[in-house]
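Chemist: Pasting a structure here, questions to come.
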Amino acid sequence: MINIVICDDDPSFITSFSAQLSGVLDKLHVEFKLSALHKISNLYNELSEGMYYDIIFLDIEFFLEDKSGIDLSRYLRDNLRIDSTSIVFVSSKKSYAMSLFESQPLDFLVKPVDDEKLENTIKRFQRINNVLSKCFSFSHYGKEIKLPLSSIMYFQSADHKLIIHCAEGKTYEYSGKLSVVNDQLKENYFFSPHKSYLVNYYAVSGWGAADLTLYDNTIIPISRSHKENVQKIQFDREVLL
């Protein structure tokens, strides 16, 4: 069961899109609970009180309120530190698309929403959740450890050992090669911006020309030889699959 909310200040759009989305989810045999909110302030309140949504379909402009969909996405990621909720921006203005990367949206859909594109968005959500529910196994001081991929921010190669940096601030060190881990995880939204690092795509909060910023403010360098591939990943995460 996935919990979904549509937040848009246009009641007619909510009515039509709810029916459209329900039809796509039924077609894909997805169990879901669907809610709708006309005010972004109500969504702020729900999230601040601990309400969790797997997917938020979010308009960008709310003309009678002082907060935008972009503001809410930043609040979700930066203040509440919730990275597991997928955000899908839905807008009639294509010009917004390039300004949304820091919120790491699952997708950007243009109104009126095309059925095929909406179906692809849901399939991408399923694929990502399947990936992030997987675990990475390794030997740590003689014990077999399994970590959910969603908890791993990045791997670092140092002094012939690998250090796993987790979202909770924990680290694990073990003997291994980054190239071997890369082969294991390259189809699981992990990518290499530098020969000494392997990064979880969903741990990145900022994309720079020479480095990446993670949600814990760690700075990861981008080497010249990896720059082109990082740029491709930034603008089209499908190259990871």
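The way I read the labels, and the way they are meant: chains A, B, ... in the order of the structure tokens, residue 1 as the first residue of every chain, and ligand 1 as the first ligand shown, with later ones counted on from there.
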As a ChimeraX atom specification, please: the residues near region 144-160 of chain A (cut-off 9 Å, only C-alpha atoms, same-chain neighbours under 6 positions excluded).
Modeler: /A:84,131-138,166-168,175-178,181,188,190,195-204,214-215
Chemist: Got time to write the residues from that selection, N, CA and C atoms, as a PDB file, in the first residue's frame?
Modeler:
```
ATOM      1  N   SER A  84      12.973   9.994   1.669  1.00  0.00           N
ATOM      2  CA  SER A  84      12.334   8.815   1.085  1.00  0.00           C
ATOM      3  C   SER A  84      11.020   9.135   0.378  1.00  0.00           C
ATOM      4  N   VAL A 131      14.809  -0.861  -5.575  1.00  0.00           N
ATOM      5  CA  VAL A 131      16.265  -0.747  -5.443  1.00  0.00           C
ATOM      6  C   VAL A 131      16.644  -0.392  -4.013  1.00  0.00           C
ATOM      7  N   LEU A 132      15.997   0.629  -3.459  1.00  0.00           N
ATOM      8  CA  LEU A 132      16.398   1.133  -2.149  1.00  0.00           C
ATOM      9  C   LEU A 132      15.995   0.210  -1.005  1.00  0.00           C
ATOM     10  N   SER A 133      15.152  -0.771  -1.289  1.00  0.00           N
ATOM     11  CA  SER A 133      14.813  -1.747  -0.250  1.00  0.00           C
ATOM     12  C   SER A 133      15.853  -2.860  -0.178  1.00  0.00           C
ATOM     13  N   LYS A 134      16.789  -2.869  -1.104  1.00  0.00           N
ATOM     14  CA  LYS A 134      17.842  -3.873  -1.115  1.00  0.00           C
ATOM     15  C   LYS A 134      18.899  -3.546  -0.064  1.00  0.00           C
ATOM     16  N   CYS A 135      19.733  -4.541   0.224  1.00  0.00           N
ATOM     17  CA  CYS A 135      20.777  -4.373   1.230  1.00  0.00           C
ATOM     18  C   CYS A 135      22.156  -4.619   0.629  1.00  0.00           C
ATOM     19  N   PHE A 136      23.164  -4.050   1.265  1.00  0.00           N
ATOM     20  CA  PHE A 136      24.556  -4.295   0.897  1.00  0.00           C
ATOM     21  C   PHE A 136      25.189  -5.089   2.034  1.00  0.00           C
ATOM     22  N   SER A 137      25.823  -6.203   1.689  1.00  0.00           N
ATOM     23  CA  SER A 137      26.423  -7.082   2.691  1.00  0.00           C
ATOM     24  C   SER A 137      27.939  -7.010   2.623  1.00  0.00           C
ATOM     25  N   PHE A 138      28.579  -7.076   3.795  1.00  0.00           N
ATOM     26  CA  PHE A 138      30.040  -7.065   3.860  1.00  0.00           C
ATOM     27  C   PHE A 138      30.473  -7.636   5.201  1.00  0.00           C
ATOM     28  N   CYS A 166      27.160   6.269   6.546  1.00  0.00           N
ATOM     29  CA  CYS A 166      25.713   6.117   6.587  1.00  0.00           C
ATOM     30  C   CYS A 166      25.010   7.413   6.991  1.00  0.00           C
ATOM     31  N   ALA A 167      23.727   7.474   6.675  1.00  0.00           N
ATOM     32  CA  ALA A 167      22.946   8.675   6.940  1.00  0.00           C
ATOM     33  C   ALA A 167      22.865   8.994   8.421  1.00  0.00           C
ATOM     34  N   GLU A 168      22.948   7.998   9.274  1.00  0.00           N
ATOM     35  CA  GLU A 168      22.834   8.217  10.714  1.00  0.00           C
ATOM     36  C   GLU A 168      24.142   8.696  11.324  1.00  0.00           C
ATOM     37  N   SER A 175      37.986  -4.244   4.482  1.00  0.00           N
ATOM     38  CA  SER A 175      38.900  -4.426   3.364  1.00  0.00           C
ATOM     39  C   SER A 175      38.117  -4.718   2.088  1.00  0.00           C
ATOM     40  N   GLY A 176      38.401  -3.992   1.042  1.00  0.00           N
ATOM     41  CA  GLY A 176      37.692  -4.195  -0.216  1.00  0.00           C
ATOM     42  C   GLY A 176      38.128  -3.200  -1.261  1.00  0.00           C
ATOM     43  N   LYS A 177      37.606  -3.380  -2.459  1.00  0.00           N
ATOM     44  CA  LYS A 177      37.935  -2.500  -3.571  1.00  0.00           C
ATOM     45  C   LYS A 177      36.687  -1.758  -4.031  1.00  0.00           C
ATOM     46  N   LEU A 178      36.842  -0.465  -4.282  1.00  0.00           N
ATOM     47  CA  LEU A 178      35.708   0.341  -4.714  1.00  0.00           C
ATOM     48  C   LEU A 178      35.187  -0.127  -6.066  1.00  0.00           C
ATOM     49  N   VAL A 181      32.660  -2.908  -5.531  1.00  0.00           N
ATOM     50  CA  VAL A 181      31.381  -2.391  -5.029  1.00  0.00           C
ATOM     51  C   VAL A 181      30.630  -1.667  -6.137  1.00  0.00           C
ATOM     52  N   ASN A 188      21.992   0.408  -9.033  1.00  0.00           N
ATOM     53  CA  ASN A 188      21.177   0.693  -7.855  1.00  0.00           C
ATOM     54  C   ASN A 188      21.313   2.150  -7.414  1.00  0.00           C
ATOM     55  N   PHE A 190      23.774   4.205  -7.456  1.00  0.00           N
ATOM     56  CA  PHE A 190      25.060   4.635  -6.934  1.00  0.00           C
ATOM     57  C   PHE A 190      25.949   4.977  -8.132  1.00  0.00           C
ATOM     58  N   LYS A 195      37.430   8.720  -8.421  1.00  0.00           N
ATOM     59  CA  LYS A 195      37.932   7.349  -8.279  1.00  0.00           C
ATOM     60  C   LYS A 195      37.899   6.843  -6.830  1.00  0.00           C
ATOM     61  N   SER A 196      37.819   7.767  -5.855  1.00  0.00           N
ATOM     62  CA  SER A 196      37.843   7.368  -4.451  1.00  0.00           C
ATOM     63  C   SER A 196      36.471   7.358  -3.792  1.00  0.00           C
ATOM     64  N   TYR A 197      35.407   7.641  -4.584  1.00  0.00           N
ATOM     65  CA  TYR A 197      34.072   7.758  -3.990  1.00  0.00           C
ATOM     66  C   TYR A 197      33.012   7.063  -4.842  1.00  0.00           C
ATOM     67  N   LEU A 198      32.030   6.494  -4.140  1.00  0.00           N
ATOM     68  CA  LEU A 198      30.841   5.944  -4.769  1.00  0.00           C
ATOM     69  C   LEU A 198      29.657   6.496  -3.977  1.00  0.00           C
ATOM     70  N   VAL A 199      28.781   7.238  -4.653  1.00  0.00           N
ATOM     71  CA  VAL A 199      27.778   8.047  -3.963  1.00  0.00           C
ATOM     72  C   VAL A 199      26.369   7.569  -4.285  1.00  0.00           C
ATOM     73  N   ASN A 200      25.511   7.589  -3.265  1.00  0.00           N
ATOM     74  CA  ASN A 200      24.084   7.319  -3.439  1.00  0.00           C
ATOM     75  C   ASN A 200      23.438   8.564  -4.050  1.00  0.00           C
ATOM     76  N   TYR A 201      22.818   8.414  -5.198  1.00  0.00           N
ATOM     77  CA  TYR A 201      22.171   9.537  -5.884  1.00  0.00           C
ATOM     78  C   TYR A 201      21.251  10.313  -4.942  1.00  0.00           C
ATOM     79  N   TYR A 202      20.525   9.600  -4.094  1.00  0.00           N
ATOM     80  CA  TYR A 202      19.535  10.235  -3.231  1.00  0.00           C
ATOM     81  C   TYR A 202      20.124  10.855  -1.972  1.00  0.00           C
ATOM     82  N   ALA A 203      21.462  10.805  -1.835  1.00  0.00           N
ATOM     83  CA  ALA A 203      22.132  11.500  -0.736  1.00  0.00           C
ATOM     84  C   ALA A 203      22.607  12.880  -1.169  1.00  0.00           C
ATOM     85  N   VAL A 204      22.492  13.185  -2.459  1.00  0.00           N
ATOM     86  CA  VAL A 204      23.019  14.448  -3.000  1.00  0.00           C
ATOM     87  C   VAL A 204      21.985  15.559  -2.850  1.00  0.00           C
ATOM     88  N   LEU A 214      26.330  16.684  -0.054  1.00  0.00           N
ATOM     89  CA  LEU A 214      25.391  15.693   0.444  1.00  0.00           C
ATOM     90  C   LEU A 214      24.522  16.312   1.538  1.00  0.00           C
ATOM     91  N   TYR A 215      23.478  15.581   1.952  1.00  0.00           N
ATOM     92  CA  TYR A 215      22.535  16.122   2.916  1.00  0.00           C
ATOM     93  C   TYR A 215      23.151  16.364   4.287  1.00  0.00           C
TER      94      TYR A 215
END
```
Chemist: If you run DSSP on the backbone here, which positions in region 77-118 of chain A get alpha helix (DSSP H)? Please write them as a VMD selection string.
Modeler: chain A and resid 115 to 118
Chemist: So that I can check the surroundings of Glu65 (chain A), please list as a list in words every protein, DNA and RNA residue that reaches within 8 Å of it, counting only C-alpha atoms and ignoring chain neighbours fewer than 6 positions away.
Modeler: Lys39, Ile40 and Ser41 of chain A
Chemist: Can you pull out the residues contacting Gly206 (chain A)? Cut-off 10 Å, using only C-alpha atoms, and skip same-chain residues under 6 positions away; I want them as a PyMOL selection string.
Modeler: chain A and resi 101-104+212-215+217+219+234
Chemist: For region 39-78 of chain A versus region 5-17 of chain A, which residues have an atom no more than 12 Å away, and what is each residue's nearest atom pair and distance in Å rounded to one decimal, using only C-alpha atoms, chain-then-number order, as CSV?
Modeler:
```
residue,atom,partner,partner_atom,distance
A:Lys39,CA,A:Asp9,CA,6.1
A:Ile40,CA,A:Cys7,CA,6.5
A:Ser41,CA,A:Cys7,CA,9.9
A:Asn42,CA,A:Cys7,CA,9.1
A:Leu43,CA,A:Cys7,CA,7.5
A:Tyr44,CA,A:Cys7,CA,10.6
A:Glu46,CA,A:Val5,CA,11.0
A:Leu47,CA,A:Val5,CA,11.4
A:Met51,CA,A:Val5,CA,10.8
A:Tyr52,CA,A:Val5,CA,9.8
A:Tyr53,CA,A:Val5,CA,6.8
A:Asp54,CA,A:Val5,CA,8.5
A:Ile55,CA,A:Val5,CA,6.6
A:Ile56,CA,A:Val5,CA,5.1
A:Phe57,CA,A:Ile6,CA,4.7
A:Leu58,CA,A:Cys7,CA,5.1
A:Asp59,CA,A:Asp8,CA,5.2
A:Ile60,CA,A:Asp8,CA,8.3
A:Glu61,CA,A:Asp9,CA,8.4
A:Phe62,CA,A:Asp9,CA,6.2
A:Phe63,CA,A:Asp9,CA,8.0
A:Leu64,CA,A:Asp9,CA,8.7
A:Glu65,CA,A:Asp9,CA,9.7
A:Ser68,CA,A:Asp8,CA,10.5
A:Gly69,CA,A:Cys7,CA,8.8
A:Leu72,CA,A:Cys7,CA,10.8
```
Chemist: Which is closer to Ser22 (chain A) than all the others in A:Tyr141, A:Lys67, A:Gly208, A:Asp115, using only C-alpha atoms?
Modeler: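 Looking only at the distances to Ser22 (chain A), the closest residue turns out to be A:Asp115.
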Chemist: Provide the CA of Leu21 (chain A) to CA of Asp78 (chain A) distance in Å, to one decimal place.
Modeler: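 Interatomic distance, CA of Leu21 (chain A) to CA of Asp78 (chain A): 28.2 Å.
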Chemist: Using only C-alpha atoms, which of the listed residues (A:His140, A:Ile122, A:Tyr75, A:Lys27) sits closest to Asn45 (chain A)?
Modeler: A:Tyr75
Chemist: In terms of the shortest atom-to-atom distance over only C-alpha atoms, which of A:Arg124, A:Arg224, A:Arg77, A:His165 is closest to Asp211 (chain A)?
Modeler: A:Arg224
Chemist: One decimal, Å: what's the distance from CA of Ser225 (chain A) over to CA of Ile163 (chain A), could you say?
Modeler: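 Spanning CA of Ser225 (chain A) to CA of Ile163 (chain A) is a straight-line distance of 22.5 Å.
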Chemist: Just checking: using only C-alpha atoms, which residue out of A:Asp71, A:Asn3, A:Glu228, A:Arg81 ends up closest to Ser35 (chain A)?
Modeler: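 Of all the options, A:Asn3 lies closest to Ser35 (chain A).
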Chemist: From a DSSP pass on the backbone, collect the residues of region 25-117 of chain A flagged as strand (DSSP E) and hand them back as a ChimeraX atom specification.
Modeler: /A:32-37,55-58,86-91,107-110
Chemist: Applying 8 Å and only C-alpha atoms, which residues near Ser223 (chain A) remain after dropping the ones on its own chain fewer than 4 positions away? List them as a PyMOL selection string.
Modeler: chain A and resi 193-195+210+227
Chemist: Could you please determine the separation between CA of Glu49 (chain A) and CA of Leu80 (chain A) in Å, to one decimal place?
Modeler: 10.5 Å
